[in-house]
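> Below is the file start-v5.txt, with compact mmCIF, C-alpha atoms (C1' of nucleotides).
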```
# COMPACT_ATOMS: atom_id res chain seq x y z
CA MET A 1 -103.36 43.27 208.85
CA THR A 2 -104.16 39.75 209.96
CA GLY A 3 -107.79 40.76 210.19
CA ARG A 4 -107.84 39.26 213.64
CA GLY A 5 -107.56 40.98 216.98
CA PRO A 6 -105.07 40.06 219.67
CA GLY A 7 -105.51 37.08 221.93
CA ARG A 8 -105.82 33.37 221.50
CA ARG A 9 -107.88 31.99 218.61
CA ARG A 10 -110.93 29.76 218.92
CA GLY A 11 -110.54 26.02 218.55
CA SER A 12 -107.15 24.40 218.34
CA PRO A 13 -105.55 25.19 214.99
CA ASP A 14 -102.09 23.74 214.48
CA THR A 15 -100.54 27.11 213.84
CA ARG A 16 -97.00 25.92 214.45
CA THR A 17 -97.26 23.50 211.57
CA GLU A 18 -98.91 26.09 209.36
CA ILE A 19 -95.99 28.39 209.99
CA LEU A 20 -93.54 25.63 209.14
CA ASP A 21 -95.36 24.92 205.89
CA ALA A 22 -95.44 28.57 204.96
CA ALA A 23 -91.74 28.83 205.78
CA ARG A 24 -90.88 25.88 203.57
CA ARG A 25 -92.93 27.35 200.76
CA VAL A 26 -91.25 30.74 200.99
CA PHE A 27 -87.73 29.40 201.53
CA SER A 28 -88.12 27.15 198.52
CA GLU A 29 -89.25 30.02 196.35
CA VAL A 30 -86.76 32.70 197.26
CA GLY A 31 -84.11 31.16 199.50
CA PHE A 32 -83.08 32.13 202.99
CA ASP A 33 -81.83 35.64 202.30
CA ARG A 34 -84.82 36.96 200.41
CA ALA A 35 -87.28 35.25 202.66
CA THR A 36 -88.53 37.59 205.36
CA ILE A 37 -90.13 36.72 208.65
CA ARG A 38 -92.81 39.22 207.81
CA GLY A 39 -93.43 37.56 204.45
CA ILE A 40 -93.68 34.12 205.98
CA ALA A 41 -95.99 35.50 208.63
CA ARG A 42 -98.21 36.99 205.95
CA GLU A 43 -98.22 33.66 204.10
CA ALA A 44 -99.26 31.91 207.28
CA ALA A 45 -101.81 34.62 208.13
CA VAL A 46 -100.13 35.26 211.41
CA ASP A 47 -98.29 38.01 213.23
CA PRO A 48 -94.49 38.06 212.81
CA ALA A 49 -94.06 37.99 216.55
CA LEU A 50 -95.80 34.64 216.72
CA ILE A 51 -93.04 33.14 214.63
CA HIS A 52 -90.52 34.38 217.09
CA HIS A 53 -92.65 32.97 219.88
CA TYR A 54 -92.49 29.49 218.37
CA PHE A 55 -89.08 29.38 216.76
CA GLY A 56 -86.95 32.14 218.23
CA THR A 57 -84.78 33.43 215.41
CA LYS A 58 -85.02 33.29 211.64
CA HIS A 59 -82.10 30.86 211.57
CA LYS A 60 -83.82 28.50 213.96
CA LEU A 61 -86.96 28.65 211.85
CA PHE A 62 -84.93 27.68 208.82
CA ALA A 63 -83.26 24.88 210.72
CA ALA A 64 -86.65 23.55 211.78
CA SER A 65 -87.97 23.78 208.23
CA ILE A 66 -85.22 21.57 206.83
CA ASP A 67 -85.19 19.12 209.64
CA LEU A 68 -86.97 16.18 208.17
CA PRO A 69 -85.57 15.54 204.73
CA MET A 70 -82.68 13.69 206.19
CA ALA A 71 -85.05 10.78 205.95
CA ALA A 72 -84.28 10.96 202.26
CA ALA A 73 -80.79 9.82 203.06
CA ASP A 74 -82.26 6.49 204.07
CA ALA A 75 -83.76 6.06 200.65
CA VAL A 76 -80.37 6.31 199.05
CA ARG A 77 -79.03 3.67 201.34
CA SER A 78 -81.11 1.03 199.61
CA VAL A 79 -79.75 1.87 196.20
CA PHE A 80 -76.81 -0.42 196.53
CA ALA A 81 -78.59 -3.11 198.44
CA GLU A 82 -79.10 -5.41 195.48
CA ASP A 83 -77.21 -6.03 192.28
CA ARG A 84 -74.60 -3.52 191.32
CA GLU A 85 -75.43 -3.61 187.63
CA GLN A 86 -78.62 -1.60 188.17
CA ALA A 87 -77.30 0.78 190.79
CA GLY A 88 -77.19 3.75 188.40
CA ARG A 89 -80.79 3.36 187.45
CA ARG A 90 -81.96 2.83 190.98
CA LEU A 91 -80.09 5.94 192.10
CA ALA A 92 -81.75 8.01 189.39
CA GLU A 93 -85.16 6.59 190.26
CA THR A 94 -84.68 7.29 193.95
CA PHE A 95 -83.54 10.79 193.18
CA PHE A 96 -86.66 11.64 191.22
CA SER A 97 -89.02 9.89 193.58
CA VAL A 98 -87.75 12.17 196.31
CA TRP A 99 -87.84 15.34 194.22
CA ASP A 100 -91.33 14.63 192.98
CA ARG A 101 -92.84 14.53 196.43
CA GLU A 102 -94.24 17.99 197.06
CA LEU A 103 -92.94 18.51 200.57
CA ALA A 104 -89.49 17.11 199.94
CA ARG A 105 -89.06 19.20 196.83
CA ALA A 106 -89.93 22.40 198.64
CA THR A 107 -87.54 21.53 201.41
CA LEU A 108 -84.70 20.55 199.13
CA LEU A 109 -85.22 23.62 196.98
CA GLY A 110 -85.00 25.74 200.08
CA ILE A 111 -81.75 24.09 201.05
CA LEU A 112 -80.30 24.34 197.57
CA ARG A 113 -81.23 27.97 197.09
CA SER A 114 -80.04 28.98 200.51
CA ALA A 115 -76.84 27.01 200.28
CA MET A 116 -75.89 29.00 197.20
CA GLY A 117 -76.36 32.16 199.16
CA GLY A 118 -73.85 30.90 201.64
CA GLU A 119 -76.32 30.29 204.43
CA ASP A 120 -74.25 28.20 206.80
CA ARG A 121 -76.92 25.85 207.99
CA ALA A 122 -77.99 25.08 204.46
CA VAL A 123 -74.46 24.42 203.28
CA GLU A 124 -73.94 22.17 206.24
CA ALA A 125 -77.21 20.34 205.67
CA PHE A 126 -76.27 19.84 202.06
CA ARG A 127 -72.78 18.68 202.85
CA GLN A 128 -74.01 16.29 205.44
CA PHE A 129 -76.67 14.92 203.15
CA LEU A 130 -74.22 14.26 200.36
CA THR A 131 -71.60 12.96 202.73
CA SER A 132 -73.77 10.53 204.63
CA ALA A 133 -75.99 9.49 201.77
CA LEU A 134 -73.53 9.25 198.95
CA LEU A 135 -69.98 9.25 200.17
CA ASP A 136 -70.42 6.97 203.14
CA GLU A 137 -72.93 4.61 201.58
CA ILE A 138 -72.14 4.48 197.90
CA ALA A 139 -68.43 5.19 197.60
CA PRO A 140 -67.33 2.09 199.52
CA GLN A 141 -69.19 -0.05 197.00
CA ILE A 142 -67.40 1.41 194.02
CA PRO A 143 -64.42 -0.61 192.82
CA GLY A 144 -61.36 0.87 191.11
CA LYS A 145 -59.58 4.15 191.65
CA ARG A 146 -60.89 7.26 193.40
CA PRO A 147 -64.25 5.85 194.48
CA ARG A 148 -65.16 8.92 196.50
CA LEU A 149 -64.45 11.23 193.60
CA ARG A 150 -66.59 9.06 191.36
CA ALA A 151 -69.43 9.07 193.87
CA LEU A 152 -69.32 12.85 194.02
CA LEU A 153 -69.35 13.10 190.26
CA MET A 154 -72.50 11.00 190.26
CA ALA A 155 -73.91 13.39 192.84
CA SER A 156 -72.78 16.33 190.72
CA GLN A 157 -74.77 15.07 187.78
CA LEU A 158 -77.87 14.89 189.94
CA VAL A 159 -77.24 18.25 191.56
CA GLY A 160 -76.91 19.73 188.10
CA VAL A 161 -80.19 18.18 187.05
CA ALA A 162 -81.87 19.57 190.15
CA MET A 163 -80.56 23.02 189.40
CA THR A 164 -81.44 23.15 185.74
CA ARG A 165 -84.80 21.41 186.11
CA TYR A 166 -86.17 22.61 189.42
CA VAL A 167 -84.35 25.84 190.21
CA MET A 168 -83.63 27.52 186.91
CA LYS A 169 -86.40 25.73 185.03
CA LEU A 170 -84.49 25.54 181.76
CA GLU A 171 -86.23 23.98 178.80
CA PRO A 172 -86.43 21.28 177.64
CA ILE A 173 -85.21 19.66 180.83
CA ALA A 174 -87.78 21.37 183.05
CA SER A 175 -90.78 19.78 181.43
CA ALA A 176 -89.32 16.56 180.09
CA PRO A 177 -90.99 13.49 181.59
CA VAL A 178 -89.08 11.92 184.43
CA SER A 179 -88.85 8.60 182.64
CA GLU A 180 -86.96 10.08 179.73
CA ILE A 181 -84.45 11.79 181.95
CA ILE A 182 -83.93 8.61 183.91
CA ASP A 183 -83.32 6.67 180.71
CA LEU A 184 -80.65 9.14 179.69
CA VAL A 185 -78.97 9.74 183.02
CA ALA A 186 -78.97 6.23 184.46
CA PRO A 187 -76.37 4.77 182.06
CA ARG A 188 -73.95 7.60 182.79
CA LEU A 189 -74.35 7.15 186.53
CA GLN A 190 -73.83 3.44 186.07
CA SER A 191 -70.65 4.00 184.12
CA TYR A 192 -69.15 5.89 187.04
CA VAL A 193 -69.67 2.76 189.09
CA GLU A 194 -68.18 0.34 186.62
CA ASN A 195 -64.97 1.88 185.35
CA MET B 1 -63.56 55.62 207.26
CA THR B 2 -61.83 55.77 203.91
CA GLY B 3 -58.99 57.67 205.60
CA ARG B 4 -59.24 60.25 202.84
CA GLY B 5 -60.98 63.59 202.87
CA PRO B 6 -63.53 64.74 200.32
CA GLY B 7 -62.60 65.93 196.87
CA ARG B 8 -60.84 64.48 193.87
CA ARG B 9 -57.76 62.27 194.39
CA ARG B 10 -54.27 63.04 193.05
CA GLY B 11 -53.12 61.40 189.86
CA SER B 12 -55.52 59.43 187.72
CA PRO B 13 -56.44 56.19 189.45
CA ASP B 14 -58.86 53.98 187.56
CA THR B 15 -61.32 53.90 190.40
CA ARG B 16 -64.18 52.72 188.24
CA THR B 17 -62.33 49.54 187.40
CA GLU B 18 -61.28 49.05 191.00
CA ILE B 19 -64.92 49.22 192.02
CA LEU B 20 -65.86 46.70 189.36
CA ASP B 21 -63.16 44.31 190.56
CA ALA B 22 -64.22 44.68 194.15
CA ALA B 23 -67.82 44.10 193.12
CA ARG B 24 -66.93 40.92 191.27
CA ARG B 25 -64.97 39.70 194.26
CA VAL B 26 -67.80 40.32 196.68
CA PHE B 27 -70.57 39.06 194.41
CA SER B 28 -68.62 35.86 193.82
CA GLU B 29 -68.17 35.31 197.52
CA VAL B 30 -71.64 36.02 198.83
CA GLY B 31 -73.97 36.48 195.87
CA PHE B 32 -76.12 39.45 194.98
CA ASP B 33 -78.39 39.49 198.02
CA ARG B 34 -75.76 39.36 200.72
CA ALA B 35 -73.46 41.71 198.91
CA THR B 36 -73.88 45.28 200.12
CA ILE B 37 -72.95 48.48 198.39
CA ARG B 38 -71.28 49.52 201.59
CA GLY B 39 -69.26 46.33 201.73
CA ILE B 40 -68.14 46.66 198.13
CA ALA B 41 -67.25 50.27 198.78
CA ARG B 42 -65.16 49.22 201.76
CA GLU B 43 -63.46 46.55 199.66
CA ALA B 44 -62.64 49.17 197.03
CA ALA B 45 -61.59 51.72 199.68
CA VAL B 46 -64.15 54.17 198.43
CA ASP B 47 -67.26 55.93 199.61
CA PRO B 48 -70.57 54.14 198.88
CA ALA B 49 -71.86 57.23 197.14
CA LEU B 50 -69.10 56.98 194.58
CA ILE B 51 -70.47 53.65 193.45
CA HIS B 52 -73.81 55.23 192.88
CA HIS B 53 -72.08 58.04 191.00
CA TYR B 54 -70.55 55.56 188.55
CA PHE B 55 -73.13 52.84 188.29
CA GLY B 56 -76.43 54.20 189.56
CA THR B 57 -78.14 51.33 191.32
CA LYS B 58 -76.96 48.07 192.83
CA HIS B 59 -78.64 46.16 190.01
CA LYS B 60 -76.78 48.16 187.39
CA LEU B 61 -73.52 47.53 189.20
CA PHE B 62 -74.23 43.82 189.12
CA ALA B 63 -75.13 43.96 185.46
CA ALA B 64 -71.88 45.75 184.72
CA SER B 65 -69.89 43.22 186.74
CA ILE B 66 -71.15 40.27 184.72
CA ASP B 67 -70.93 41.95 181.38
CA LEU B 68 -67.89 40.37 179.89
CA PRO B 69 -68.04 36.63 180.49
CA MET B 70 -70.24 36.16 177.51
CA ALA B 71 -66.96 35.95 175.72
CA ALA B 72 -66.78 32.51 177.27
CA ALA B 73 -69.64 31.46 175.04
CA ASP B 74 -67.29 31.84 172.11
CA ALA B 75 -64.93 29.30 173.62
CA VAL B 76 -67.65 26.69 173.67
CA ARG B 77 -68.40 27.31 170.05
CA SER B 78 -65.08 25.78 169.05
CA VAL B 79 -65.73 22.56 170.91
CA PHE B 80 -67.56 20.96 168.06
CA ALA B 81 -65.44 22.45 165.33
CA GLU B 82 -63.33 19.35 164.76
CA ASP B 83 -63.95 15.64 165.11
CA ARG B 84 -66.98 14.62 167.08
CA GLU B 85 -65.25 11.71 168.81
CA GLN B 86 -63.33 14.05 171.10
CA ALA B 87 -66.11 16.56 171.71
CA GLY B 88 -66.75 15.41 175.28
CA ARG B 89 -63.14 15.85 176.28
CA ARG B 90 -62.82 19.21 174.58
CA LEU B 91 -65.96 20.44 176.31
CA ALA B 92 -64.59 19.40 179.70
CA GLU B 93 -61.25 21.02 178.95
CA THR B 94 -62.87 24.23 177.82
CA PHE B 95 -65.05 24.27 180.91
CA PHE B 96 -62.10 24.06 183.26
CA SER B 97 -59.94 26.44 181.31
CA VAL B 98 -62.64 29.05 181.77
CA TRP B 99 -63.24 28.30 185.44
CA ASP B 100 -59.55 28.37 186.22
CA ARG B 101 -59.07 31.90 185.00
CA GLU B 102 -59.31 34.10 188.05
CA LEU B 103 -61.58 36.79 186.67
CA ALA B 104 -63.92 34.45 184.88
CA ARG B 105 -64.31 32.26 187.93
CA ALA B 106 -65.22 35.19 190.14
CA THR B 107 -67.72 36.40 187.59
CA LEU B 108 -69.30 33.02 187.01
CA LEU B 109 -69.48 32.32 190.72
CA GLY B 110 -71.26 35.61 191.16
CA ILE B 111 -73.76 34.68 188.51
CA LEU B 112 -74.27 31.18 189.85
CA ARG B 113 -74.71 32.27 193.45
CA SER B 114 -77.02 35.11 192.55
CA ALA B 115 -79.04 33.03 190.13
CA MET B 116 -79.85 30.63 192.94
CA GLY B 117 -81.10 33.53 194.99
CA GLY B 118 -83.50 34.36 192.21
CA GLU B 119 -81.78 37.52 191.08
CA ASP B 120 -83.43 38.12 187.73
CA ARG B 121 -80.46 39.43 185.86
CA ALA B 122 -78.33 36.50 186.98
CA VAL B 123 -80.92 33.92 186.03
CA GLU B 124 -81.28 35.56 182.66
CA ALA B 125 -77.51 35.72 182.14
CA PHE B 126 -77.25 32.06 183.03
CA ARG B 127 -80.11 31.02 180.83
CA GLN B 128 -78.76 32.98 177.92
CA PHE B 129 -75.29 31.58 178.42
CA LEU B 130 -76.49 28.00 178.43
CA THR B 131 -78.91 28.62 175.61
CA SER B 132 -76.56 30.33 173.25
CA ALA B 133 -73.46 28.38 174.14
CA LEU B 134 -74.83 24.90 174.54
CA LEU B 135 -78.29 24.56 173.08
CA ASP B 136 -77.78 26.57 169.94
CA GLU B 137 -74.24 25.46 169.21
CA ILE B 138 -73.95 21.91 170.50
CA ALA B 139 -77.39 20.43 170.31
CA PRO B 140 -77.68 20.65 166.51
CA GLN B 141 -74.55 18.53 166.22
CA ILE B 142 -75.93 15.71 168.35
CA PRO B 143 -77.48 12.85 166.38
CA GLY B 144 -80.33 10.68 167.61
CA LYS B 145 -83.30 11.53 169.76
CA ARG B 146 -83.80 14.52 172.04
CA PRO B 147 -80.57 16.31 171.19
CA ARG B 148 -81.45 19.40 173.20
CA LEU B 149 -82.24 17.35 176.28
CA ARG B 150 -78.92 15.55 175.89
CA ALA B 151 -77.07 18.83 175.55
CA LEU B 152 -78.67 20.13 178.71
CA LEU B 153 -77.77 16.96 180.58
CA MET B 154 -74.17 17.53 179.55
CA ALA B 155 -74.49 21.06 180.86
CA SER B 156 -76.11 19.74 184.02
CA GLN B 157 -73.11 17.56 184.72
CA LEU B 158 -70.83 20.57 184.41
CA VAL B 159 -73.09 22.82 186.43
CA GLY B 160 -73.08 20.18 189.14
CA VAL B 161 -69.31 20.04 189.10
CA ALA B 162 -69.13 23.82 189.36
CA MET B 163 -71.46 23.78 192.34
CA THR B 164 -69.80 20.99 194.27
CA ARG B 165 -66.25 22.06 193.46
CA TYR B 166 -66.34 25.85 193.41
CA VAL B 167 -69.41 26.84 195.38
CA MET B 168 -69.86 24.24 198.08
CA LYS B 169 -66.25 23.12 198.05
CA LEU B 170 -67.01 19.50 198.84
CA GLU B 171 -64.12 17.13 199.21
CA PRO B 172 -62.62 15.31 197.45
CA ILE B 173 -63.88 17.09 194.34
CA ALA B 174 -62.82 20.54 195.51
CA SER B 175 -59.12 19.80 195.60
CA ALA B 176 -58.84 17.04 193.03
CA PRO B 177 -56.53 18.00 190.15
CA VAL B 178 -58.34 19.20 187.07
CA SER B 179 -56.81 16.50 184.92
CA GLU B 180 -58.30 13.72 187.00
CA ILE B 181 -61.78 15.22 186.88
CA ILE B 182 -61.50 15.69 183.15
CA ASP B 183 -60.48 12.07 182.71
CA LEU B 184 -63.54 10.93 184.62
CA VAL B 185 -66.11 13.36 183.25
CA ALA B 186 -65.12 13.46 179.59
CA PRO B 187 -66.25 9.91 178.72
CA ARG B 188 -69.70 10.51 180.24
CA LEU B 189 -70.11 13.76 178.34
CA GLN B 190 -69.01 11.99 175.19
CA SER B 191 -71.55 9.23 175.71
CA TYR B 192 -74.34 11.80 175.69
CA VAL B 193 -73.21 12.75 172.21
CA GLU B 194 -72.97 9.26 170.84
CA ASN B 195 -76.05 7.39 171.90
C1' DC C 1 -115.87 28.75 238.24
C1' DC C 2 -111.18 30.39 238.95
C1' DA C 3 -106.52 30.64 238.24
C1' DA C 4 -102.73 29.50 235.44
C1' DT C 5 -100.94 28.97 231.11
C1' DA C 6 -100.75 29.05 226.29
C1' DA C 7 -101.68 31.47 221.96
C1' DT C 8 -101.84 35.62 219.63
C1' DT C 9 -101.44 40.50 218.29
C1' DC C 10 -99.75 45.36 218.85
C1' DA C 11 -96.49 48.84 218.89
C1' DA C 12 -92.04 50.02 218.86
C1' DC C 13 -86.83 49.87 218.78
C1' DG C 14 -82.41 49.65 216.77
C1' DA C 15 -79.63 48.29 213.03
C1' DA C 16 -78.44 48.00 208.26
C1' DC C 17 -79.20 49.14 203.80
C1' DG C 18 -79.77 51.72 199.17
C1' DT C 19 -79.97 56.10 197.72
C1' DT C 20 -79.60 61.22 197.41
C1' DG C 21 -78.03 66.17 197.47
C1' DA C 22 -74.76 69.15 198.79
C1' DA C 23 -70.02 70.23 199.67
C1' DT C 24 -65.08 69.80 198.52
C1' DT C 25 -60.98 69.07 195.81
C1' DA C 26 -58.29 68.12 191.58
C1' DG C 27 -57.53 68.18 186.57
C1' DG C 28 -57.85 70.36 181.83
C1' DG C 29 -58.98 73.49 178.26
C1' DA C 30 -59.36 78.53 177.01
C1' DT D 1 -54.37 81.88 185.17
C1' DC D 2 -59.45 81.03 185.48
C1' DC D 3 -63.33 78.42 184.97
C1' DC D 4 -65.77 74.31 184.01
C1' DT D 5 -66.15 69.63 184.69
C1' DA D 6 -65.13 65.31 186.79
C1' DA D 7 -64.01 62.79 191.00
C1' DT D 8 -64.78 62.12 195.68
C1' DT D 9 -66.58 62.32 200.39
C1' DC D 10 -70.06 63.67 204.01
C1' DA D 11 -74.23 63.60 206.25
C1' DA D 12 -78.68 62.38 206.14
C1' DC D 13 -83.30 60.36 204.75
C1' DG D 14 -86.63 56.83 204.25
C1' DT D 15 -87.37 51.79 204.19
C1' DT D 16 -87.27 47.35 205.57
C1' DC D 17 -86.02 44.00 208.53
C1' DG D 18 -85.43 40.96 212.82
C1' DT D 19 -86.52 41.14 217.29
C1' DT D 20 -88.70 42.32 221.80
C1' DG D 21 -91.96 43.29 225.75
C1' DA D 22 -96.30 44.17 226.99
C1' DA D 23 -101.17 43.57 226.37
C1' DT D 24 -105.19 40.64 225.19
C1' DT D 25 -107.94 36.60 224.61
C1' DA D 26 -108.91 31.58 224.78
C1' DT D 27 -108.21 26.98 226.82
C1' DT D 28 -107.53 23.80 230.46
C1' DG D 29 -106.86 21.62 234.97
C1' DG D 30 -108.35 21.69 239.69
```
Would you mind writing the structure in this file as structure tokens?

Amino acid sequence: MTGRGPGRRRGSPDTRTEILDAARRVFSEVGFDRATIRGIAREAAVDPALIHHYFGTKHKLFAASIDLPMAAADAVRSVFAEDREQAGRRLAETFFSVWDRELARATLLGILRSAMGGEDRAVEAFRQFLTSALLDEIAPQIPGKRPRLRALLMASQLVGVAMTRYVMKLEPIASAPVSEIIDLVAPRLQSYVEN
Amino acid sequence: MTGRGPGRRRGSPDTRTEILDAARRVFSEVGFDRATIRGIAREAAVDPALIHHYFGTKHKLFAASIDLPMAAADAVRSVFAEDREQAGRRLAETFFSVWDRELARATLLGILRSAMGGEDRAVEAFRQFLTSALLDEIAPQIPGKRPRLRALLMASQLVGVAMTRYVMKLEPIASAPVSEIIDLVAPRLQSYVEN
DNA sequence: CCAATAATTCAACGAACGTTGAATTAGGGA
DNA sequence: TCCCTAATTCAACGTTCGTTGAATTATTGG
């Protein structure tokens, strides 16, 4: 059904990357459970067995497809670099700048969707992301009581926005301009920092 | 493997309800996709075919298992009944009083998990819950600009708390006492109402 | 130009799942 | 008591899925 016979293809197409892209697309749309190797193969115009050839199991393919976005954790690290009075706004801005980049969004959606399904690797990726990015970096900078709890409540607000805007696509939050959401969310994030 | 032969059982056990309870338990733990009729049947100590006898398809079983919690929407309706200055706190309190009831939590978890997987009925249940409970009831009471967006951002904060606390079980939010979370979240919810 | 290796497809297997139809047993009304 | 209906299990079917091993074709290094 690939329209192509067996054997190596002409030229040197980067099929491995094409498979990874297709995987990210599919995982982001339907999550780990509903994603099928066969479906991803179809999306990549490739035989299912080729996926196994490159990545081994479905779990390993998923792991490979969510490998990079840990770079996003670095972005968060800079949020508290400068003055603390604007930290809430900078966090919100960083959040949306990550989610608005095509590739990152697909990847994060895949993680989010799959984590809800209980897919271990996704839950772990999520936990690690939040832990390293928010708890380890931000919490120590928060004065007052229960800094870690406050940091996680900030994260919760953003997770909730991601879910309602990007996953469930609820109106009017799904199509509201980023700037408006930032203007509304930033002060509440900031208030978690201050008292 | 049910340890019982074929034919009707003695007495009059409410097997239908037992199946529904088992279904809610399983759906809340693993979501719609990973839940299997066979697994639910095992949990209810019943043959898989009996589930089909009572509920028809897996989708109908799921629909039946999330039927009631719309009663929770009524609880939200009372949040804005009295003075507006305490609306944020009352919303937080209502939220946790619902999530702390065993049955409701299982049901809502099932919806949340399954909605992430893209299960249509779950997404629709969720959308309708948020729409009727929050957008239609709360938003009209919010003064100023973009009241519906503000209402959804309040909801987003709570959805995020539900995810981090009940679904992903991230510490320290997972085991923090409800009262502490309420004390921290309520003022931010309230601020969405006021300006 | 030849051999080795990499890329790719094909065909099939085994497992798990949702669903179905028939068989079996118990309860309830006449 | 007898029959009808409801409750329950059994065995099986057809599908889909992840995975595997062998076969086929292109590239590349010597």
> Find the residues around region 14-16 of chain D up to 10 Å (all atoms listed in the file counted), leave out those fewer than 6 positions away in its own chain, and share them as a list in words.
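In the requested form, the answer reads Thr36 of chain A; DA16, DC17, DG18 and DT19 of chain C.
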> To one decimal place in Å, what is the distance between C1' of DA7 (chain D) and CA of Phe62 (chain B)?
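Pair C1' of DA7 (chain D) / CA of Phe62 (chain B) returns 21.6 Å.
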> Can you pull out the residues contacting Val46 (chain B)? Cut-off 10 Å, using all atoms listed in the file, and skip same-chain residues under 3 positions away; I want them as a ChimeraX atom specification.
/B:1-4,15,18-19,38-43,49-51 /D:8-9
> Could you pull the residues within 12 Å of DG21 (chain C), counting only C-alpha atoms (C1' of nucleotides), minus those fewer than 6 positions along the same chain, as a ChimeraX atom specification?
/B:49,53 /D:10-13
> Give me, as a tab-separated table, the closest atom pair and its distance (Å, one decimal) for every residue of chain A within a cut-off of 10 Å of chain D, counting all atoms listed in the file, rows sorted by chain and rising number.

```
residue	atom	partner	partner_atom	distance
A:Gly5	CA	D:DT24	C1'	8.6
A:Pro6	CA	D:DT24	C1'	5.6
A:Gly7	CA	D:DT25	C1'	3.6
A:Arg8	CA	D:DA26	C1'	4.8
A:Arg9	CA	D:DA26	C1'	6.3
A:Arg10	CA	D:DA26	C1'	6.5
A:Gly11	CA	D:DA26	C1'	8.5
A:Ser12	CA	D:DT27	C1'	8.9
A:Thr36	CA	D:DC17	C1'	7.6
A:Ile37	CA	D:DG18	C1'	7.6
A:Arg38	CA	D:DC17	C1'	8.3
A:Pro48	CA	D:DG18	C1'	9.5
A:Ala49	CA	D:DT19	C1'	8.2
A:His52	CA	D:DT19	C1'	7.9
A:Gly56	CA	D:DT19	C1'	9.1
A:Thr57	CA	D:DG18	C1'	8.0
A:Lys58	CA	D:DG18	C1'	7.8
```
> Measure the distance from CA of Leu109 (chain A) to CA of Leu61 (chain A) in Å and round it to one decimal.
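A separation of 15.8 Å between them.
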> Using all atoms listed in the file, I'd like a table of the residues in chain B that come within 8 Å of chain A; for each, show the closest atom pair and its distance in Å rounded to one decimal, ordered by chain and ascending number, as a Markdown table.

```
| residue | atom | partner | partner_atom | distance |
| --- | --- | --- | --- | --- |
| B:Val30 | CA | A:Gly117 | CA | 6.1 |
| B:Gly31 | CA | A:Gly117 | CA | 5.9 |
| B:Asp33 | CA | A:Asp33 | CA | 6.7 |
| B:Arg34 | CA | A:Asp33 | CA | 7.3 |
| B:Leu112 | CA | A:Met116 | CA | 7.8 |
| B:Arg113 | CA | A:Met116 | CA | 5.1 |
| B:Ser114 | CA | A:Gly117 | CA | 7.3 |
| B:Ala115 | CA | A:Met168 | CA | 7.9 |
| B:Met116 | CA | A:Arg113 | CA | 5.1 |
| B:Gly117 | CA | A:Gly31 | CA | 5.9 |
| B:Gly118 | CA | A:Val30 | CA | 6.2 |
| B:Val123 | CA | A:Met168 | CA | 7.0 |
| B:Arg127 | CA | A:Leu170 | CA | 7.1 |
| B:Arg148 | CA | A:Pro172 | CA | 6.9 |
| B:Leu149 | CA | A:Pro172 | CA | 5.9 |
| B:Arg150 | CA | A:Leu184 | CA | 7.6 |
| B:Leu152 | CA | A:Ile173 | CA | 6.9 |
| B:Leu153 | CA | A:Val161 | CA | 7.0 |
| B:Ala155 | CA | A:Gly160 | CA | 7.7 |
| B:Ser156 | CA | A:Gly160 | CA | 4.2 |
| B:Gln157 | CA | A:Gln157 | CA | 4.3 |
| B:Leu158 | CA | A:Gly160 | CA | 7.2 |
| B:Val159 | CA | A:Gly160 | CA | 5.2 |
| B:Gly160 | CA | A:Gly160 | CA | 4.0 |
| B:Val161 | CA | A:Ser156 | CA | 5.3 |
| B:Met163 | CA | A:Ser156 | CA | 7.7 |
| B:Thr164 | CA | A:Ser156 | CA | 6.6 |
| B:Val167 | CA | A:Met116 | CA | 7.1 |
| B:Met168 | CA | A:Val123 | CA | 6.9 |
| B:Leu170 | CA | A:Arg127 | CA | 7.1 |
| B:Pro172 | CA | A:Leu149 | CA | 5.9 |
| B:Ile173 | CA | A:Leu149 | CA | 5.9 |
| B:Leu184 | CA | A:Arg150 | CA | 7.6 |
| B:Val185 | CA | A:Leu153 | CA | 7.7 |
| B:Arg188 | CA | A:Arg188 | CA | 5.7 |
| B:Ser191 | CA | A:Arg188 | CA | 7.7 |
| B:Tyr192 | CA | A:Leu184 | CA | 7.9 |
```
> Please check the contacts: residues of chain C at most 7 Å away from chain A, using only C-alpha atoms (C1' of nucleotides), listed as number ranges by chain.
C: 7-9
> Suppose you want the space between CA of Arg121 (chain B) and CA of Ala63 (chain B); what is it in Å?
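CA of Ala63 (chain B) lies 7.0 Å from CA of Arg121 (chain B).
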> Step by step, gather every atom of region 13-18 of chain C that the file lists, find the box along x, y and z that holds them, add 6 Å on each side, and finally give centre and edge lengths in Å to one decimal, as lines of an AutoDock Vina configuration file.

```
center_x = -82.6
center_y = 49.9
center_z = 209.0
size_x = 20.4
size_y = 15.7
size_z = 31.6
```
